[in-house]
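Reading through the structure tokens given below for one structure.
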Amino acid sequence: MQPELKKGTAEVLILSLLEDRARHGYELAKLIEKRSRGVLEFHVASLYPMLYRLERRGWIEGRWLEKAGQRRRRFYKLTAAGRRALPEQRKSWREFIRAIERVAQVGNA
Amino acid sequence: MRDWKQYVREHLPPLGLSGAREQEITDEIAQQLEDAYSEAISRGSTREQAEAHAEAQICDWNLLAQEIHRAEHPITHEIATRAPQHLRSAFDEENFRKRRGGNVFADLFQDLRYALRMLRKSPGFTAIAVLTLALGIGANTAIFSVVNGVLLQQLPFPQPGRVMILHRDQFSSIPYLEYLDLQTQNQSFDPIALSRRDSFSLTGSGDAERIPVRMISADFFSILGMQPLAGRVIRADEDRQGAAPVALLSEGLWRRKFAADTNILGKSISLNGRDYTIIGIMPEISKFFSKSDVYLAIGQWAQPSFYRRGYGFGTVGIGRLKPGVSLLQARADLTRIAKNLASAYPKEDTGLKFSAISLHESSVGELQQTLLLLFGAVGFVLLITCVNVANLLLARANSRKREIAVRMAMGASRFRMIRQLLTETVLLATLGGALGLLLAMWGTRAILAVAPEGLVAVGGAALDARVLIFTLLISMLTGIFFGILPALKTSRPDLQKTLKEGGRGSTGGHRRVQSLLIVSEVALAMVLLVGAGLMIRSLTRVWAVDPGFDPHNLLTFSISLSPTKATNGAKAKTTYMQLLEGLDNLPGVESASVNFGNLPMTGDSDIPFWREDQKKPDSENQMPDAMWYAVSPEYLSVMRIPLLRGRFITSRDVETAPAVAVIDERMARKLFPNEDPLGKQLHLTFFEEVVQIVGIVGDVKHNGLAATADDETQFQLYMPFRQVPDALMPILGNNVTTVLRTSLPPLQLVSTVRQEVKAVDDQQVMYGENTMDKILEGSLAYRRFSMLLMGVFAALALLLACVGIYGVISYLAGQRTHEIGIRMALGAEPRHVLLLVLSRGMLLQLLGVGAGIAIAVPLMRLLSSMLFGVKPTDPFTFAGVAALLIVVGLLACYVPARRASRVDPLVALRYE
């Protein structure tokens, strides 16, 4: 996959995972790996820069939290702007998938 | 458990973010690693496995840092990703620098790394710039190493600047008795010593040979602060008549002749047939005095005339200034003593003057001016080099504008950019300097090969630490000098415009600066060319001077008679006559003559005289002087000096015949303006003879072809050597030259002549063989040397200026391709375009030539003492050089102009 494409994918994934609750980086990596059954794997070198980029764009917000019995972690949650942006992202992602399907004729094989 | 924060801090390259943000990111990533570790442990891994698992989370720390940086600086990345590929490096560099923080040395290192990469990227530019710089810096280093060897050398003894050389008048000898007065009456020197050069026959130690000897008074070496290598120096009680004869050997003679025998002290050597006890070995002094192999006590010299007031014998005073006494005070002191002596001995010392100059100045003398002139000239070459490279940089600056703009958009300050650009230019200059050093090593050898002997003797060239520092320093300065202007210009781009235009920024400013640089380059080249032109004209003028004799096919040499003959005047004369007869019969020899006086261009001793029919002047200082030549009858035909009136010396002018003399035409004219000199009588001092003038011959340029008006007042007087009083023969015998005219190449005769000399007496030594042509050449050595180097520098300047003009005109024409295309599309013909470009180049040339003339006119006055027969403002030279520059410049412009005139309008317009 091209880098641009991958970046787009990852952004949608992260935004989606943060939709219902705040999560920290490691958790996000684990979740993506688990839910894709190991197909998608996030390296630290791409995960964190992506989080920082989304944060800078104002779609997510990181905050240091210390939950009982655990270490201090940085939890990311979706901002209002992120929440507004997510449908748009999903939509363009879906369009993209459909386009791929049409081209590759995946759906009506 | 491992401290993961520590681990991350160690591995993550600096991000160039605020401290807090960087801390935050470090913590977060450390947390990730810790989570990975804990998870692995909980899965049942060992500690090692868990740690490896955690570490594997991040395999490329640089990539991570770069990605984070990109995430944190989205805007600069926007620019950078849109910038063409070749500008990425600029971005990365800036990026890297930020991560590194503001460390000066790290920055410098980075600047260098970056500069190297930039130079590697344009090898053509780099090669031309480095080569140009190498020429400029190399030439400077070569000359500096000579200046260093000669002018900057430290004489090898304490406080050399306090040691003064004393003369009577400007360069005349200080008579011994006057020296003794100086010693007792002066208050400025402590002490004063006297010395004179001579040459003696060394016999009894291997082959007989003639060696240079210096007679010195006892304090000579203590003034120089030199200690003997072995033994002791001459004591005051040995420096007088009747003392036991003692000698000091030079280290050179000691090694050469006595195999550095340490037991030599106390043994004796035989000089001119007399035994001297060796009391010490001295280090060489040839760097500041002429070479001597043996030192003898001057006070022991058994020459009666030496102890007569007013009689100098090539003696030179040397003194060390007392502490706190300045040279000016010392001079005043000397003047005071001279006045005292003049009133005490009016007959001998009226008009007496003493002069004092530093030893360094006296040993460097003529060289100083020559070298400083060359140093100045070569400095001009370096300036031209700088201008050329600055021009190259400016042309290149345009294509780098965008790179600079990108970096400045990313936050690099202007200062930062200037520093980067200067690092590049200094690096260029240093590379040039390194190559230049190699050129200089070769160049120095070349310079010494053509250098006058005098230069080589006083030090030659020294390629030492000082030269290296000089080269490094001028390289740095050169780099900054030629780099500063382009750097200032380049680092002030209009960011937006440049980025929008895709690097095709406006060039109006550059064009003006480049034009200015071309004008100054042409002006500098003009100055050098005029200097070289004047010197070349001088030398040709000098060569064209008639020396008054025919110097071709003349062999000259000296003979040292055996000790018994040398001390006996009558025997000496007989020996010389025998010898001349023998030489005359040798095949290839046309005729031969001895000369007891001065050979043209070599000796320099006058005798005062007065007209017998006029009142004797009160003192010798008021008498006219004549250069004298005591010769045999053949001298005139050997030298081919024309006889103008009367007769020359004949074989009938023997000891018993009336004393006669022949004078030169100038002496006849000046001394006997409206009279007939023939038959007039002159009273010669020193010889104490009255001679009758029997003939008049042509003038000889005794003091060299370039003799100045001062020298031309010198009279010349010939007398038969057989009429020299026998009593004077032993002293004169030390200064006899034989001149021989041959039909063969003169030096071919040397071995036959040597055999003939031995055949007359095997104790005789022949030495100092030379040809008159060589002597003549030698008298012009400095002039030729300066001319040669000036010529080389001027040629270099011309070449560099040419390259510079060509480069700039090509560049400017290239910049105007679009405009030219439009002009041609609108109907301009190629020749119009040719003229357009050519006229632009010519305008710059003419401005440069004009400026060059304006600079050269006052500057050339400095040269006037080195010129001969040419005025410093010689219009012929100026016009010639201007024409040369214009023609060469025209050629340099023609190529780009022609190229421009062949532009295809379609292509040129599409270019946009």
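Order determines the names: the first chain of the structure tokens is A, the second B, and so forth; residues in each chain are numbered 1 upward, and ligands are numbered 1 upward as they are shown.
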
Which neighbours of range 341-351 of chain B fall inside 10 Å, counting only C-alpha atoms, when residues of the same chain fewer than 5 positions from it are skipped, and could you give them as a ChimeraX atom specification?
/B:169,178,181-182,308-311,335-336,617-622

Generate a file of the selected residues that holds C-alpha atoms, formatted as a PDB file, in the first residue's frame.
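Final output, part-v2.pdb:
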ATOM      1  CA  ASP B 169      80.003  57.725   3.881  1.00  0.00           C
ATOM      2  CA  GLU B 178      89.579  56.102  12.276  1.00  0.00           C
ATOM      3  CA  ASP B 181      89.188  56.592  17.210  1.00  0.00           C
ATOM      4  CA  LEU B 182      85.596  55.439  16.910  1.00  0.00           C
ATOM      5  CA  ARG B 308      97.582  55.283   7.345  1.00  0.00           C
ATOM      6  CA  ARG B 309      94.791  57.670   8.162  1.00  0.00           C
ATOM      7  CA  GLY B 310      92.192  57.929   5.431  1.00  0.00           C
ATOM      8  CA  TYR B 311      93.069  54.610   3.787  1.00  0.00           C
ATOM      9  CA  THR B 335      78.494  62.567  13.322  1.00  0.00           C
ATOM     10  CA  ARG B 336      79.989  64.185  16.392  1.00  0.00           C
ATOM     11  CA  PRO B 617      93.401  70.065  -2.543  1.00  0.00           C
ATOM     12  CA  ASP B 618      93.644  70.220   1.241  1.00  0.00           C
ATOM     13  CA  SER B 619      92.316  66.749   1.828  1.00  0.00           C
ATOM     14  CA  GLU B 620      91.757  63.612  -0.164  1.00  0.00           C
ATOM     15  CA  ASN B 621      88.051  63.987   0.363  1.00  0.00           C
ATOM     16  CA  GLN B 622      88.139  67.041  -1.857  1.00  0.00           C
TER      17      GLN B 622
END

Excluding Leu51 in chain A and its own-chain neighbours fewer than 5 positions away, which residues fall within 12 Å of it when counting only C-alpha atoms? Please give them as JSON, numbers by chain.
{"A": [7, 10, 11, 12, 13, 14, 15, 18, 23, 24, 25, 26, 28, 29, 42, 44, 45, 46, 56, 57, 58, 59, 60, 61, 62, 74, 75, 76, 77, 78], "B": [25, 28, 29, 67, 68, 70, 71, 72]}

Restricting the output to C-alpha atoms, write the selected residues as a PDB file, in the first residue's frame.
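Writing the result to out.pdb gives the following:
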ATOM      1  CA  LYS A   7      -1.918   7.033   6.698  1.00  0.00           C
ATOM      2  CA  ALA A  10      -4.700   4.564  10.257  1.00  0.00           C
ATOM      3  CA  GLU A  11      -6.324   7.874  10.961  1.00  0.00           C
ATOM      4  CA  VAL A  12      -9.783   6.450  10.462  1.00  0.00           C
ATOM      5  CA  LEU A  13      -8.948   3.487  12.647  1.00  0.00           C
ATOM      6  CA  ILE A  14      -7.703   5.618  15.489  1.00  0.00           C
ATOM      7  CA  LEU A  15     -10.551   8.060  15.332  1.00  0.00           C
ATOM      8  CA  LEU A  18     -11.574   6.693  20.238  1.00  0.00           C
ATOM      9  CA  ARG A  23      -7.593   5.205  25.257  1.00  0.00           C
ATOM     10  CA  HIS A  24      -3.851   5.315  25.601  1.00  0.00           C
ATOM     11  CA  GLY A  25      -1.296   4.564  22.863  1.00  0.00           C
ATOM     12  CA  TYR A  26      -0.452   1.028  23.813  1.00  0.00           C
ATOM     13  CA  LEU A  28      -4.751   1.534  20.655  1.00  0.00           C
ATOM     14  CA  ALA A  29      -1.943  -0.506  19.154  1.00  0.00           C
ATOM     15  CA  PHE A  42       1.102  -0.595  14.315  1.00  0.00           C
ATOM     16  CA  VAL A  44       5.572   2.749  17.604  1.00  0.00           C
ATOM     17  CA  ALA A  45       7.369   4.705  14.895  1.00  0.00           C
ATOM     18  CA  SER A  46       4.099   5.298  13.069  1.00  0.00           C
ATOM     19  CA  ARG A  56      -2.030  18.983  16.363  1.00  0.00           C
ATOM     20  CA  ARG A  57      -4.839  19.000  13.856  1.00  0.00           C
ATOM     21  CA  GLY A  58      -7.193  19.338  16.816  1.00  0.00           C
ATOM     22  CA  TRP A  59      -9.110  16.098  16.261  1.00  0.00           C
ATOM     23  CA  ILE A  60      -7.931  14.340  19.357  1.00  0.00           C
ATOM     24  CA  GLU A  61      -6.641  15.508  22.688  1.00  0.00           C
ATOM     25  CA  GLY A  62      -4.165  13.778  24.962  1.00  0.00           C
ATOM     26  CA  ARG A  74      -1.507   9.618  28.327  1.00  0.00           C
ATOM     27  CA  PHE A  75      -5.089   9.048  27.285  1.00  0.00           C
ATOM     28  CA  TYR A  76      -6.415  10.349  24.013  1.00  0.00           C
ATOM     29  CA  LYS A  77     -10.012  11.299  23.473  1.00  0.00           C
ATOM     30  CA  LEU A  78     -11.895  12.597  20.489  1.00  0.00           C
TER      31      LEU A  78
ATOM     32  CA  ILE B  25       6.914  12.300  24.373  1.00  0.00           C
ATOM     33  CA  GLU B  28       4.797   8.290  26.646  1.00  0.00           C
ATOM     34  CA  ILE B  29       7.037   6.140  24.530  1.00  0.00           C
ATOM     35  CA  GLU B  67       8.256  11.145  12.021  1.00  0.00           C
ATOM     36  CA  ILE B  68       7.539  12.848  15.308  1.00  0.00           C
ATOM     37  CA  ARG B  70       7.157  15.885  10.937  1.00  0.00           C
ATOM     38  CA  ALA B  71       4.045  15.510  12.999  1.00  0.00           C
ATOM     39  CA  GLU B  72       5.037  18.393  15.205  1.00  0.00           C
TER      40      GLU B  72
END

Contacts from chain B to chain A, 9 Å maximum, only C-alpha atoms: show me the residue list as number ranges by chain.
B: 24-25, 27-29, 31-33, 35-36, 57-61, 63-74

Polymer residues at most 6 Å from range 727-741 of chain B, only C-alpha atoms, same-chain spacing of 6 or more positions, as JSON, numbers by chain:
{"B": [553, 554, 555, 556, 557, 558, 566, 567, 569, 590, 591, 592, 593, 594, 595, 596, 638]}

Work out how far CA of Gln300 in chain B is from CA of Arg240 in chain B, in Å to one decimal.
4.9 Å
